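Dropping target.tsv in here (TSV, C-alpha atoms):
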```tsv
chain	number	residue	atom	x	y	z
W	1219	MET	CA	0.00	0.00	0.00
W	1220	LYS	CA	1.29	3.46	-0.85
W	1221	GLN	CA	1.25	6.16	1.85
W	1222	VAL	CA	1.62	9.84	0.99
W	1223	HIS	CA	0.62	11.81	4.10
W	1224	TYR	CA	2.84	13.64	6.58
W	1225	ASN	CA	4.36	11.39	9.30
W	1226	SER	CA	3.55	8.11	7.50
W	1227	SER	CA	6.40	5.64	7.98
W	1228	ILE	CA	7.75	2.21	7.09
W	1229	GLU	CA	10.08	-0.16	8.94
W	1230	CYS	CA	11.90	-3.06	7.30
W	1231	LEU	CA	15.14	-5.05	6.96
W	1232	SER	CA	15.75	-3.86	3.40
W	1233	ALA	CA	14.38	-0.92	1.42
W	1234	ASP	CA	14.70	0.51	-2.08
W	1235	VAL	CA	15.17	4.30	-1.83
W	1236	ILE	CA	14.88	6.71	-4.77
W	1237	SER	CA	15.24	10.49	-4.50
W	1238	ARG	CA	16.54	13.38	-6.56
W	1239	LYS	CA	18.78	14.43	-3.66
W	1240	ILE	CA	20.04	12.10	-0.89
W	1241	MET	CA	22.13	13.77	1.82
W	1242	PRO	CA	23.86	11.79	4.60
W	1243	SER	CA	23.29	13.30	8.01
W	1244	SER	CA	24.30	12.34	11.56
W	1245	TYR	CA	24.03	9.23	13.75
W	1246	MET	CA	21.21	8.66	16.22
W	1247	GLU	CA	20.57	6.02	18.87
W	1248	VAL	CA	17.47	3.82	18.48
W	1249	LYS	CA	16.65	1.57	21.44
W	1250	LEU	CA	16.75	-2.16	20.62
W	1251	ILE	CA	18.43	-1.37	17.28
W	1252	GLY	CA	21.56	0.59	18.12
W	1253	LYS	CA	23.29	3.43	16.30
W	1254	CYS	CA	21.66	4.36	13.01
W	1255	ARG	CA	23.03	6.48	10.18
W	1256	THR	CA	20.45	9.08	9.10
W	1257	TYR	CA	19.73	10.51	5.66
W	1258	LYS	CA	17.59	13.34	4.34
W	1259	CYS	CA	15.98	12.64	0.96
W	1260	SER	CA	14.45	15.60	-0.85
W	1261	ARG	CA	12.92	16.59	-4.17
W	1262	ASN	CA	10.46	13.79	-4.92
W	1263	SER	CA	11.45	10.79	-2.80
W	1264	GLU	CA	10.16	7.29	-2.24
W	1265	ALA	CA	11.05	4.25	-0.12
W	1266	LYS	CA	9.72	0.73	-0.71
W	1267	ILE	CA	9.96	-2.34	1.54
W	1268	LEU	CA	11.97	-5.16	-0.04
W	1269	LYS	CA	12.38	-7.38	3.05
W	1270	GLU	CA	9.97	-7.47	6.01
W	1271	LEU	CA	10.92	-7.44	9.69
W	1272	ASN	CA	11.05	-10.84	11.36
W	1273	PRO	CA	9.05	-10.95	13.62
W	1274	LYS	CA	6.79	-8.42	11.93
W	1275	LYS	CA	6.60	-5.93	14.83
W	1276	PRO	CA	7.59	-2.25	14.58
W	1277	TYR	CA	10.52	-0.93	16.65
W	1278	CYS	CA	10.00	2.84	16.34
W	1279	ASN	CA	6.41	3.70	15.46
W	1280	ILE	CA	3.23	1.72	16.16
W	1281	ASN	CA	1.67	3.09	12.94
W	1282	SER	CA	4.51	2.07	10.58
W	1283	ALA	CA	3.71	0.04	7.47
W	1284	LEU	CA	5.44	-3.36	7.67
W	1285	ASP	CA	4.25	-5.40	4.66
W	1286	LEU	CA	6.31	-6.35	1.61
W	1287	ASP	CA	6.01	-3.73	-1.19
W	1288	ASP	CA	4.50	-1.09	1.14
W	1289	ARG	CA	5.92	2.31	0.18
W	1290	ILE	CA	5.96	5.95	1.11
W	1291	GLU	CA	6.18	8.74	-1.47
W	1292	ALA	CA	6.71	12.41	-0.63
W	1293	GLU	CA	8.61	15.60	-1.28
W	1294	ASP	CA	11.01	14.89	1.65
W	1295	ILE	CA	11.75	11.67	3.54
W	1296	PHE	CA	13.82	11.05	6.69
W	1297	LEU	CA	15.73	7.74	6.86
W	1298	ALA	CA	17.48	5.92	9.71
W	1299	ILE	CA	19.54	2.86	8.72
W	1300	ASN	CA	21.26	0.55	11.23
W	1301	SER	CA	24.67	0.63	9.60
W	1302	SER	CA	27.92	2.31	10.60
W	1303	LYS	CA	28.99	2.67	6.96
W	1304	SER	CA	27.41	5.03	4.46
W	1305	VAL	CA	25.42	3.43	1.67
W	1306	LYS	CA	26.66	3.52	-1.91
W	1307	ILE	CA	24.40	5.90	-3.83
W	1308	SER	CA	23.94	5.39	-7.57
W	1309	LEU	CA	22.66	7.83	-10.18
W	1310	LEU	CA	20.01	6.75	-12.71
W	1311	ASN	CA	17.59	8.22	-15.25
W	1312	HIS	CA	14.31	8.22	-13.35
W	1313	SER	CA	12.04	10.31	-15.55
W	1314	GLY	CA	12.28	11.90	-18.95
W	1315	ARG	CA	13.81	15.09	-17.56
W	1316	HIS	CA	15.37	14.26	-14.22
W	1317	LYS	CA	18.02	11.95	-12.89
W	1318	ALA	CA	17.60	10.39	-9.46
W	1319	GLN	CA	19.85	8.98	-6.76
W	1320	THR	CA	19.09	5.50	-5.52
W	1321	PHE	CA	20.32	2.79	-3.14
W	1322	ILE	CA	19.10	-0.40	-1.53
W	1323	SER	CA	19.57	-0.66	2.22
W	1324	GLU	CA	20.54	-4.11	3.48
W	1325	PHE	CA	19.97	-3.35	7.19
W	1326	TYR	CA	17.11	-2.30	9.46
W	1327	THR	CA	15.54	0.81	7.91
W	1328	PHE	CA	13.06	3.33	9.31
W	1329	ALA	CA	11.68	5.85	6.79
W	1330	LYS	CA	9.24	8.67	7.58
W	1331	ILE	CA	7.60	11.37	5.46
W	1332	SER	CA	8.84	14.74	6.70
W	1333	LYS	CA	7.18	16.84	3.95
W	1334	GLN	CA	4.33	15.58	1.82
W	1335	PHE	CA	3.65	16.62	-1.78
W	1336	PRO	CA	2.00	20.08	-1.84
W	1337	ASN	CA	-0.77	19.00	-4.20
W	1338	ILE	CA	-2.11	16.34	-1.78
W	1339	ALA	CA	-4.68	17.48	0.76
W	1340	GLU	CA	-3.58	17.22	4.38
W	1341	LEU	CA	-5.24	14.74	6.71
W	1342	LYS	CA	-7.53	16.22	9.33
W	1343	PRO	CA	-6.42	15.49	12.03
W	1344	GLN	CA	-2.75	14.95	11.14
W	1345	LYS	CA	-1.07	11.65	11.94
W	1346	THR	CA	0.88	11.83	15.19
W	1347	LEU	CA	4.58	12.51	14.78
W	1348	ILE	CA	5.81	9.22	16.23
W	1349	GLU	CA	3.92	6.95	18.60
W	1350	PRO	CA	6.76	5.05	20.25
W	1351	ILE	CA	6.26	1.54	21.45
W	1352	GLN	CA	6.73	1.56	25.21
W	1353	GLU	CA	10.41	2.20	25.93
W	1354	LYS	CA	11.41	1.32	22.36
W	1355	GLY	CA	11.14	4.71	20.63
W	1356	ILE	CA	13.73	6.97	19.10
W	1357	THR	CA	15.75	8.72	21.80
W	1358	GLY	CA	17.83	11.26	19.99
```

As structure tokens, what does this structure read like?
Amino acid sequence: MKQVHYNSSIECLSADVISRKIMPSSYMEVKLIGKCRTYKCSRNSEAKILKELNPKKPYCNINSALDLDDRIEAEDIFLAINSSKSVKISLLNHSGRHKAQTFISEFYTFAKISKQFPNIAELKPQKTLIEPIQEKGITG
């Protein structure tokens, strides 16, 4: 299922990420996962689940999509990947006019929409920012 509204998220063991601009950011600590490398994806971004969590229970957000082929699409996406190394980003022709950057994460991945497309109506009321599972949420 495709999700396009602000604060929608996915959690998985492997994800396919496509964006026109992928910028590595800092590290953050996620309880039960460990240190995660973060990325900011902007200018028309999407993330799709390639490998589900096992067991299929979210670590960060109760409302995360967890099924195979679930995806989020938005203007900007925030990513947290449980890997100490940076991912190798490739460049490809994504549309007739624009190139895109892409990579496949091979580790635990949390992706959240931080800015939805402007032409999509906002949900009323908005989804909550992150509903952490008791004592398992993002701490930093």

Write out as a ChimeraX atom specification the residues lying within 9 Å of Asn1262 of chain W, counting all atoms listed in the file and excluding same-chain residues fewer than 4 positions away. /W:1236-1239,1291-1295,1335

How many Å lie between atom CA of Glu1340 of chain W and atom CA of Lys1258 of chain W, rounded to one decimal? 21.5 Å

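Atom CA of Ile1322 of chain W to atom CA of Ser1260 of chain W spans 16.7 Å [interatomic distance, one decimal].
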
Name the residues within 10 Å of (9.9, -8.8, 9.6), counting all atoms listed in the file in the file's coordinates, and put them as a list of chain:residue names. W:Glu1229, W:Cys1230, W:Leu1231, W:Ser1232, W:Lys1269, W:Glu1270, W:Leu1271, W:Asn1272, W:Pro1273, W:Lys1274, W:Lys1275, W:Pro1276, W:Leu1284, W:Asp1285, W:Leu1286, W:Tyr1326

Computed interatomic separation between atom CA of Lys1249 of chain W and atom CA of Leu1297 of chain W (Å):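 Rounded to one decimal, the two atoms are 15.9 Å apart.
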
Neighbour list for Phe1296 of chain W as an NGL selection string, cut-off 12 Å, only C-alpha atoms, skip fewer than 2 positions in-chain: :W and (1224-1228 or 1235 or 1237 or 1239-1244 or 1255-1260 or 1263-1265 or 1290-1294 or 1298-1299 or 1327-1334)

Restricting the calculation to all atoms listed in the file: of W:Gln1319, W:His1223, W:Ala1283, W:Lys1303, which residue gets closest to Pro1336 of chain W? W:His1223

For the point (11.1, -0.8, 0.4) in file coordinates, what residues are within 6 Å, counting all atoms listed in the file? Give the answer as a list in words?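 The residues near that point, listed by chain and number, are Ala1233, Asp1234, Ala1265, Lys1266, Ile1267 and Leu1268 of chain W.
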
Writer output for current selection, C-alpha atoms, as a PDB file, in the coordinates of the input:
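Written output follows (again.pdb):
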```pdb
ATOM      1  CA  ALA W1233      14.380  -0.920   1.420  1.00  0.00           C
ATOM      2  CA  ASP W1234      14.700   0.510  -2.080  1.00  0.00           C
ATOM      3  CA  ALA W1265      11.050   4.250  -0.120  1.00  0.00           C
ATOM      4  CA  LYS W1266       9.720   0.730  -0.710  1.00  0.00           C
ATOM      5  CA  ILE W1267       9.960  -2.340   1.540  1.00  0.00           C
ATOM      6  CA  LEU W1268      11.970  -5.160  -0.040  1.00  0.00           C
TER       7      LEU W1268
END
```

Draw an axis-aligned box tight on the listed atoms of segment 1326-1333 of chain W, then pad every side by 5 Å and write out centre and edge lengths in Å to one decimal as JSON.
```
{"center_x": 12.1, "center_y": 7.3, "center_z": 6.7, "size_x": 19.9, "size_y": 29.1, "size_z": 15.5}
```

So which one's closest to Cys1254 of chain W, W:Asn1311, W:Ser1301, W:Ser1323, W:Asn1279? Using all atoms listed in the file, please.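 Among the listed residues, W:Ser1301 lies closest to Cys1254 of chain W.
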
Add whatever atoms are absent from segment 1221-1232 of chain W to reach all heavy atoms, and provide the output as a short mmCIF file (atom, residue, chain, number, x, y, z; two decimals), keeping the file's coordinate frame.
```cif
data_model
loop_
_atom_site.label_atom_id
_atom_site.label_comp_id
_atom_site.auth_asym_id
_atom_site.auth_seq_id
_atom_site.Cartn_x
_atom_site.Cartn_y
_atom_site.Cartn_z
N GLN W 1221 1.64 5.12 0.90
CA GLN W 1221 1.25 6.16 1.85
C GLN W 1221 1.90 7.46 1.42
O GLN W 1221 3.07 7.48 1.05
CB GLN W 1221 1.70 5.78 3.25
CG GLN W 1221 1.05 4.50 3.74
CD GLN W 1221 1.40 4.22 5.17
OE1 GLN W 1221 1.49 5.12 5.99
NE2 GLN W 1221 1.59 2.96 5.49
N VAL W 1222 1.13 8.55 1.48
CA VAL W 1222 1.62 9.84 0.99
C VAL W 1222 1.44 10.99 1.97
O VAL W 1222 1.80 12.11 1.66
CB VAL W 1222 0.94 10.20 -0.36
CG1 VAL W 1222 1.33 9.23 -1.45
CG2 VAL W 1222 -0.57 10.28 -0.20
N HIS W 1223 0.90 10.73 3.16
CA HIS W 1223 0.62 11.81 4.10
C HIS W 1223 1.73 12.00 5.12
O HIS W 1223 2.45 11.07 5.47
CB HIS W 1223 -0.72 11.57 4.81
CG HIS W 1223 -1.88 11.71 3.88
ND1 HIS W 1223 -2.47 10.63 3.29
CD2 HIS W 1223 -2.52 12.81 3.42
CE1 HIS W 1223 -3.45 11.05 2.51
NE2 HIS W 1223 -3.49 12.37 2.57
N TYR W 1224 1.85 13.23 5.60
CA TYR W 1224 2.84 13.64 6.58
C TYR W 1224 2.88 12.67 7.75
O TYR W 1224 1.84 12.25 8.25
CB TYR W 1224 2.49 15.06 7.05
CG TYR W 1224 3.44 15.65 8.04
CD1 TYR W 1224 4.75 15.92 7.70
CD2 TYR W 1224 3.02 15.92 9.33
CE1 TYR W 1224 5.63 16.47 8.62
CE2 TYR W 1224 3.88 16.48 10.26
CZ TYR W 1224 5.18 16.74 9.89
OH TYR W 1224 6.05 17.27 10.80
N ASN W 1225 4.08 12.29 8.18
CA ASN W 1225 4.36 11.39 9.30
C ASN W 1225 4.06 9.92 9.02
O ASN W 1225 4.18 9.11 9.93
CB ASN W 1225 3.64 11.83 10.58
CG ASN W 1225 4.27 13.05 11.18
OD1 ASN W 1225 5.46 13.28 11.02
ND2 ASN W 1225 3.48 13.87 11.84
N SER W 1226 3.67 9.53 7.82
CA SER W 1226 3.55 8.11 7.50
C SER W 1226 4.95 7.51 7.51
O SER W 1226 5.92 8.19 7.17
CB SER W 1226 2.93 7.93 6.11
OG SER W 1226 1.62 8.43 6.08
N SER W 1227 5.07 6.24 7.88
CA SER W 1227 6.40 5.64 7.98
C SER W 1227 6.37 4.17 7.61
O SER W 1227 5.31 3.53 7.60
CB SER W 1227 6.96 5.82 9.39
OG SER W 1227 6.14 5.16 10.34
N ILE W 1228 7.56 3.63 7.31
CA ILE W 1228 7.75 2.21 7.09
C ILE W 1228 8.94 1.75 7.92
O ILE W 1228 9.81 2.55 8.25
CB ILE W 1228 7.98 1.86 5.60
CG1 ILE W 1228 9.25 2.53 5.06
CG2 ILE W 1228 6.78 2.19 4.75
CD1 ILE W 1228 9.67 2.06 3.67
N GLU W 1229 8.95 0.46 8.26
CA GLU W 1229 10.08 -0.16 8.94
C GLU W 1229 10.32 -1.51 8.28
O GLU W 1229 9.38 -2.25 8.02
CB GLU W 1229 9.80 -0.36 10.43
CG GLU W 1229 9.67 0.93 11.20
CD GLU W 1229 9.44 0.72 12.69
OE1 GLU W 1229 10.24 -0.02 13.30
OE2 GLU W 1229 8.48 1.29 13.21
N CYS W 1230 11.59 -1.82 8.01
CA CYS W 1230 11.90 -3.06 7.30
C CYS W 1230 13.37 -3.44 7.49
O CYS W 1230 14.14 -2.71 8.09
CB CYS W 1230 11.58 -2.91 5.82
SG CYS W 1230 12.47 -1.55 5.03
N LEU W 1231 13.74 -4.61 6.93
CA LEU W 1231 15.14 -5.05 6.96
C LEU W 1231 15.87 -4.69 5.68
O LEU W 1231 17.09 -4.77 5.63
CB LEU W 1231 15.20 -6.57 7.18
CG LEU W 1231 14.76 -7.04 8.56
CD1 LEU W 1231 14.82 -8.56 8.64
CD2 LEU W 1231 15.63 -6.42 9.63
N SER W 1232 15.14 -4.31 4.63
CA SER W 1232 15.75 -3.86 3.40
C SER W 1232 14.76 -2.97 2.66
O SER W 1232 13.57 -3.30 2.58
CB SER W 1232 16.13 -5.06 2.52
OG SER W 1232 16.69 -4.62 1.30
#
```
